Amino acid sequence: MEQRTIHNLEFRKVLERLADFAVSEAGTNACLSIAPVSNRDDAQKAAQFFRQGQEWTRTVTVKLSSFPDLAGMFRFIDTPTAVLDLDDLCALRQVLVQARDLRASIRVSTDYSPWPLLLEMVDKFPWPEQCASGLSRCVGDDGLIRDNSTPELLLIRQEIRRIHQTCTRKAKDFVNSHGILQYLQDEYITLASDRYVLPLKSNFKGRVQGIIHDYSQTGETCYFEPMFLVDLNNELAELKKQEREEEHKVFEFLTGLVRANFGALHGVYDLMVQVDVLLAKCALASKFNGVALDFSNEGNLHLVNALHPLLALAEGGALPVTLELQKEQFALLISGGNAGGKTVCLKTIGLIAIMAMSGLPVPVKEGSSIPFWKNIFAFIGDEQSLEENVSTFTAQITNLGAIWDTADDSTLVILDEFGAGTDPAQGAALAQAVIDELLERGAYICAATHFPALKAYALSNDKVRAASVLFDPSTKKPLYTLAYDQVGASLALDVAREHGMPDYVLRRAEQYLLMDGEDTSALIDRLNTLAVEREREMNKLDAERERFEERRKKLSVRYERERDQLFGDIKKEAQSVLNDLKTQKITHKQALKELAKTRQKLVEADKTERPKAEALAPQEIKPGQTLKYNPWKKSGVVEEIDDKRGKVKINLSGVAMWVNLHDVSFAEDGATIVQTSQVTVKAERKTSFRVDLRGKRADVAISELDSFIDKALLSNTEELEVVHGKGTGALRREIHSYLKNAPAVASFRLAPADLGGDGMTIVELR
């Protein structure tokens, strides 16, 4: 990706906002160094990695604290004679302590991982157990070498503490016995140059025999070593030297462990940095409800409710806009008034594409997709240069001419007011020729224009889709939304009026416009008004549909809850009757009566749940006729009719049963029944059925799966195999979401690796 495009689309600003969420300096630098990948599979894997990371943070409480940068330490240890100091070892220990907890939170299961890409990252390097144990044993939480690091160090420090106690006791006795407390600045013994001394007031320094080692900054205190402490301090100095030598041995030992586990330690550190970046991405996504964007296999641009990422992160926010191209369309040409949002739309497409190719979440609605563009060229803004004697138009031509050799079907070219720096007629003609040539090369184009000729070109070319930014018909203020398959007026006079241009100047401009015969504003205004009305109606319908859908979900949940409660009560009553029968509290005949009453309650409840249909007359039904069994919503073929009992025997896909005439109705026109020969099937438990849903739309797949589960229940099957393929995982998520709420499903899981792995789901039925 060329740097001019990165700069024009302000991708660096997005990375800076991302880096603000990192907790470490290394994570911050890693965020700022993120760049688009050039391989579609890598970009798709990065999107999947982010999705799994989001699921991980929602499932497990993850809190990452700031950790030190170890890059300098890794470079330093390359020197064969280098020995790590205490600061290096403490930093490494801090990283290992956090990394151990992170690994444990990711490795939640040994059989199946809900986030396999994160587990792959963890298992890429072995855990440096020997080094971690050594650091934990030798370096304490206070950042100091532990006493028990070596037996020699323990003995030395015990002797140092003994000398400290002796010095303190002797100093106290000396002060009390000689009555020199009034000579001391403070009532405590202290250290000066690693020797125990007394803080003596300077004007009393000749009163006591000893050695003066130093003075305070004010000169009022001298640090005085009495003669009786000289031998003890000499012994202490020797012990301190031995302590340093012993600590150095510990440093050498731990440095050897670090060298021996260098690869694993570097992998653990990389894990920490990657997790820091991942959590920063999740935090960024939460700021604008971002999602990982899919890359379209068909190459369609489909961004629903897209927001410009930087505007979405700003306090004022941004308004969503849908940006899409239909099948066999490769260019989007946006027209309309100034300050209406045309350039924002272009930047939104380009910046979202770069973010998606960099593995970042983007502010769009779930289900949006975008082609994978290896190259994005954005020609936005005035690129003239007075120093280089380059005009706006010349700069556009120069920069555009440099991309011809690389423009292909994996290229997006963004043109903002191309050709505006020269004669309008020639500029429009050149712009059309440029778009034609790019389309012939298979490239995608997103452009904004005010040229009438280019607007007409967009409406007449099948590969180009026209769009217009909408304005409020009454106030002429922008609505920051797009109307497709129409063009918009530039509204230059209205914008000028809005920004203070005198009315007498505007009236004169209108006269010149009428003289040129190019005043089409009335027609464009009418189109704009109709488009605004249509958008408002569509928004109302969308809101109404969402309300109905929400109400349907609530009613469905309520129905399921009440049904489960009803069946639970009926089951308890039936169980109670059977228990009474077993204990001989009631007779067999009484038990049958009680069970009949219980069954009647269920029937009455079923009648209240749905309106009672008018029963069909027996004379209206003939054998071989197709009827619909309403409780199951399935059609079957009539086999027999019982006039007296008011029942009919129908065959439902090989299952023959007697049903009430109230529960059947005439099948809809066009309904067909597949007649199958009757075969006696002995259903074994754990029999496995398989359905292949690969390549199907989610709604079609769910419908077929629902029908398949019904057939499995009728055949007494307990386990199903649902093949959905791997792909992007979208179909698998929809199927799993359906299975979670399916009443007939007891549990489900992904298949083992030898049976298809995450490309197939095993379903256990109740």
# chains A, B, ... in the order shown; residues from 1 in each chain; ligands from 1
>>> residues_around(residues="region 698-705 of chain A", least_positions_apart="5", cutoff="7 Å", atoms="only C-alpha atoms", output="PyMOL selection string")
chain A and resi 693+731+734-735
>>> write_last_selection(atoms="C-alpha atoms", output="PDB file, in the first residue's frame")
ATOM      1  CA  LEU A 693     -25.719 -27.715   4.314  1.00  0.00           C
ATOM      2  CA  LEU A 731     -22.926 -20.525   8.532  1.00  0.00           C
ATOM      3  CA  GLU A 734     -26.027 -19.311  12.498  1.00  0.00           C
ATOM      4  CA  ILE A 735     -26.548 -23.085  12.892  1.00  0.00           C
TER       5      ILE A 735
END
>>> closest_atom_pairs(of="region 229-345 of chain A", to="region 423-437 of chain A", cutoff="12 Å", atoms="only C-alpha atoms", output="JSON lines")
{"residue": "A:Phe330", "atom": "CA", "partner": "A:Ile435", "partner_atom": "CA", "distance": 10.1}
{"residue": "A:Ala331", "atom": "CA", "partner": "A:Ile435", "partner_atom": "CA", "distance": 8.1}
{"residue": "A:Leu332", "atom": "CA", "partner": "A:Ile435", "partner_atom": "CA", "distance": 10.5}
{"residue": "A:Leu333", "atom": "CA", "partner": "A:Ile435", "partner_atom": "CA", "distance": 10.1}
>>> residues_around(residues="Phe377 (chain A)", least_positions_apart="2", cutoff="8 Å", atoms="only C-alpha atoms", output="list in words")
Glu2, Thr5, Asn375, Phe379, Ile403, Thr411, Leu412, Val413 and Ile414 of chain A
>>> write_last_selection(atoms="C-alpha atoms", output="CSV table (one decimal), in the first residue's frame")
chain,number,residue,atom,x,y,z
A,2,GLU,CA,1.5,3.3,-1.0
A,5,THR,CA,-2.9,6.6,0.2
A,375,ASN,CA,-3.9,-2.0,-3.9
A,379,PHE,CA,-6.7,10.8,-5.0
A,403,ILE,CA,-0.9,3.4,-11.3
A,411,THR,CA,-7.4,-2.6,-7.1
A,412,LEU,CA,-9.6,0.2,-5.7
A,413,VAL,CA,-9.2,3.7,-7.1
A,414,ILE,CA,-10.7,6.6,-5.2
>>> residues_around(residues="region 67-84 of chain A", least_positions_apart="6", cutoff="9 Å", atoms="only C-alpha atoms", output="list in words")
Val23, Ser24, Glu25, Ala26, Gly27, Ala91, Leu92, Gln94, Val95, Gln98, His248, Phe251, Glu252, Leu254, Thr255, Gly256, Val258, Arg259, Phe262, His266, Tyr269 and Met272 of chain A
>>> write_last_selection(atoms="C-alpha atoms", output="CSV table (one decimal), in the first residue's frame")
chain,number,residue,atom,x,y,z
A,23,VAL,CA,-1.1,-1.0,28.3
A,24,SER,CA,2.6,-1.4,27.4
A,25,GLU,CA,5.2,0.5,25.5
A,26,ALA,CA,5.8,-2.6,23.3
A,27,GLY,CA,2.1,-3.0,22.6
A,91,ALA,CA,11.2,-7.3,34.3
A,92,LEU,CA,11.4,-10.8,32.9
A,94,GLN,CA,7.0,-9.8,35.8
A,95,VAL,CA,6.3,-10.8,32.2
A,98,GLN,CA,1.3,-12.4,33.7
A,248,HIS,CA,26.6,-12.0,41.0
A,251,PHE,CA,22.8,-13.4,38.2
A,252,GLU,CA,25.1,-15.6,36.1
A,254,LEU,CA,19.8,-17.0,35.9
A,255,THR,CA,21.4,-15.5,32.8
A,256,GLY,CA,22.4,-19.0,31.7
A,258,VAL,CA,17.6,-17.3,30.0
A,259,ARG,CA,20.1,-18.1,27.3
A,262,PHE,CA,15.8,-17.9,24.8
A,266,HIS,CA,11.0,-14.6,23.2
A,269,TYR,CA,7.1,-12.0,25.3
A,272,MET,CA,2.1,-10.7,25.7
>>> atom_distance(atom1="CA of Gln209 (chain A)", atom2="CA of Leu184 (chain A)")
14.1 Å
>>> atom_distance(atom1="CA of Leu236 (chain A)", atom2="CA of Tyr223 (chain A)")
17.3 Å
>>> residues_around(residues="Gln274 (chain A)", least_positions_apart="6", cutoff="12 Å", atoms="only C-alpha atoms", output="ChimeraX atom specification")
/A:22-24,26-31,34,46,49-50,53,64,99,102,118,121-122,267-268,280-281
>>> write_last_selection(atoms="N, CA and C atoms", output="mmCIF file, in the first residue's frame")
data_model
loop_
_atom_site.group_PDB
_atom_site.id
_atom_site.type_symbol
_atom_site.label_atom_id
_atom_site.label_comp_id
_atom_site.auth_asym_id
_atom_site.auth_seq_id
_atom_site.Cartn_x
_atom_site.Cartn_y
_atom_site.Cartn_z
ATOM 1 N N ALA A 22 -3.465 0.385 24.350
ATOM 2 C CA ALA A 22 -2.432 -0.580 24.759
ATOM 3 C C ALA A 22 -1.920 -0.213 26.148
ATOM 4 N N VAL A 23 -1.509 -1.230 26.931
ATOM 5 C CA VAL A 23 -1.069 -0.997 28.310
ATOM 6 C C VAL A 23 0.442 -0.990 28.429
ATOM 7 N N SER A 24 1.162 -1.369 27.381
ATOM 8 C CA SER A 24 2.619 -1.444 27.444
ATOM 9 C C SER A 24 3.228 -0.631 26.311
ATOM 10 N N ALA A 26 5.668 -1.705 24.444
ATOM 11 C CA ALA A 26 5.819 -2.617 23.310
ATOM 12 C C ALA A 26 4.507 -2.776 22.561
ATOM 13 N N GLY A 27 3.390 -2.855 23.296
ATOM 14 C CA GLY A 27 2.083 -2.957 22.648
ATOM 15 C C GLY A 27 1.746 -1.707 21.865
ATOM 16 N N THR A 28 2.109 -0.546 22.417
ATOM 17 C CA THR A 28 1.886 0.719 21.704
ATOM 18 C C THR A 28 2.649 0.748 20.391
ATOM 19 N N ASN A 29 3.917 0.361 20.446
ATOM 20 C CA ASN A 29 4.725 0.342 19.219
ATOM 21 C C ASN A 29 4.186 -0.671 18.216
ATOM 22 N N ALA A 30 3.706 -1.816 18.713
ATOM 23 C CA ALA A 30 3.143 -2.830 17.816
ATOM 24 C C ALA A 30 1.871 -2.316 17.147
ATOM 25 N N CYS A 31 1.052 -1.573 17.884
ATOM 26 C CA CYS A 31 -0.166 -1.001 17.300
ATOM 27 C C CYS A 31 0.177 -0.006 16.196
ATOM 28 N N ILE A 34 1.191 -1.561 12.716
ATOM 29 C CA ILE A 34 0.248 -2.388 11.967
ATOM 30 C C ILE A 34 0.119 -1.868 10.539
ATOM 31 N N ALA A 46 -6.763 -13.026 10.137
ATOM 32 C CA ALA A 46 -6.684 -11.952 11.127
ATOM 33 C C ALA A 46 -8.073 -11.572 11.626
ATOM 34 N N PHE A 49 -9.160 -14.304 13.913
ATOM 35 C CA PHE A 49 -8.412 -14.188 15.169
ATOM 36 C C PHE A 49 -9.054 -13.132 16.069
ATOM 37 N N PHE A 50 -9.469 -12.015 15.483
ATOM 38 C CA PHE A 50 -10.114 -10.972 16.282
ATOM 39 C C PHE A 50 -11.451 -11.459 16.834
ATOM 40 N N GLY A 53 -10.803 -13.626 19.669
ATOM 41 C CA GLY A 53 -10.337 -12.813 20.785
ATOM 42 C C GLY A 53 -11.486 -12.120 21.498
ATOM 43 N N LEU A 64 -5.033 -7.215 31.658
ATOM 44 C CA LEU A 64 -3.604 -7.153 31.376
ATOM 45 C C LEU A 64 -3.035 -5.871 31.977
ATOM 46 N N ALA A 99 2.124 -13.818 31.889
ATOM 47 C CA ALA A 99 1.961 -14.735 30.760
ATOM 48 C C ALA A 99 1.408 -16.076 31.219
ATOM 49 N N LEU A 102 -2.298 -15.686 31.533
ATOM 50 C CA LEU A 102 -2.921 -15.555 30.216
ATOM 51 C C LEU A 102 -3.031 -16.908 29.524
ATOM 52 N N LEU A 118 -6.163 -18.586 19.039
ATOM 53 C CA LEU A 118 -5.452 -18.119 20.227
ATOM 54 C C LEU A 118 -4.653 -19.260 20.846
ATOM 55 N N MET A 121 -1.521 -19.740 18.958
ATOM 56 C CA MET A 121 -0.532 -18.735 19.329
ATOM 57 C C MET A 121 0.164 -19.116 20.637
ATOM 58 N N VAL A 122 -0.591 -19.670 21.582
ATOM 59 C CA VAL A 122 -0.019 -20.054 22.871
ATOM 60 C C VAL A 122 0.917 -21.249 22.723
ATOM 61 N N GLY A 267 9.130 -16.146 22.637
ATOM 62 C CA GLY A 267 7.757 -16.473 22.251
ATOM 63 C C GLY A 267 6.754 -16.015 23.287
ATOM 64 N N VAL A 268 7.077 -16.174 24.574
ATOM 65 C CA VAL A 268 6.182 -15.718 25.644
ATOM 66 C C VAL A 268 6.026 -14.197 25.591
ATOM 67 N N ALA A 280 -6.391 -4.216 22.784
ATOM 68 C CA ALA A 280 -6.562 -2.845 22.284
ATOM 69 C C ALA A 280 -7.582 -2.824 21.146
ATOM 70 N N LYS A 281 -7.530 -3.824 20.267
ATOM 71 C CA LYS A 281 -8.508 -3.909 19.179
ATOM 72 C C LYS A 281 -9.922 -4.097 19.741
#
>>> closest_residue(among="A:Ala192, A:Cys90, A:Leu232, A:Leu284", to="Arg161 (chain A)", atoms="only C-alpha atoms")
A:Leu232
>>> atom_distance(atom1="CA of Arg465 (chain A)", atom2="CA of Val14 (chain A)")
29.3 Å
>>> closest_residue(among="A:Ala443, A:Leu755, A:Ile180, A:Ala656", to="Glu640 (chain A)", atoms="only C-alpha atoms")
A:Ala656
>>> closest_residue(among="A:Glu55, A:Glu129, A:Asp85, A:Asp294", to="Trp115 (chain A)", atoms="only C-alpha atoms")
A:Glu55
>>> select_by_dssp(residues="region 51-212 of chain A", states="alpha helix (DSSP H)", output="ChimeraX atom specification")
/A:51-59,71-76,86-106,116-122,129-138,151-178
>>> select_by_dssp(residues="region 188-247 of chain A", states="strand (DSSP E or B)", output="number ranges by chain")
A: 190-192, 195-201, 210-215, 221-226
>>> residues_around(residues="Leu311 (chain A)", least_positions_apart="3", cutoff="12 Å", atoms="only C-alpha atoms", output="list in words")
Glu10, Lys13, Val14, Arg17, Lys287, Phe288, Ala306, Leu307, His308, Ala314, Glu315, Gly316, Gly317, Ala318, Leu319, Pro320, Val344, Cys345, Lys347, Thr348, Leu351 and Pro363 of chain A
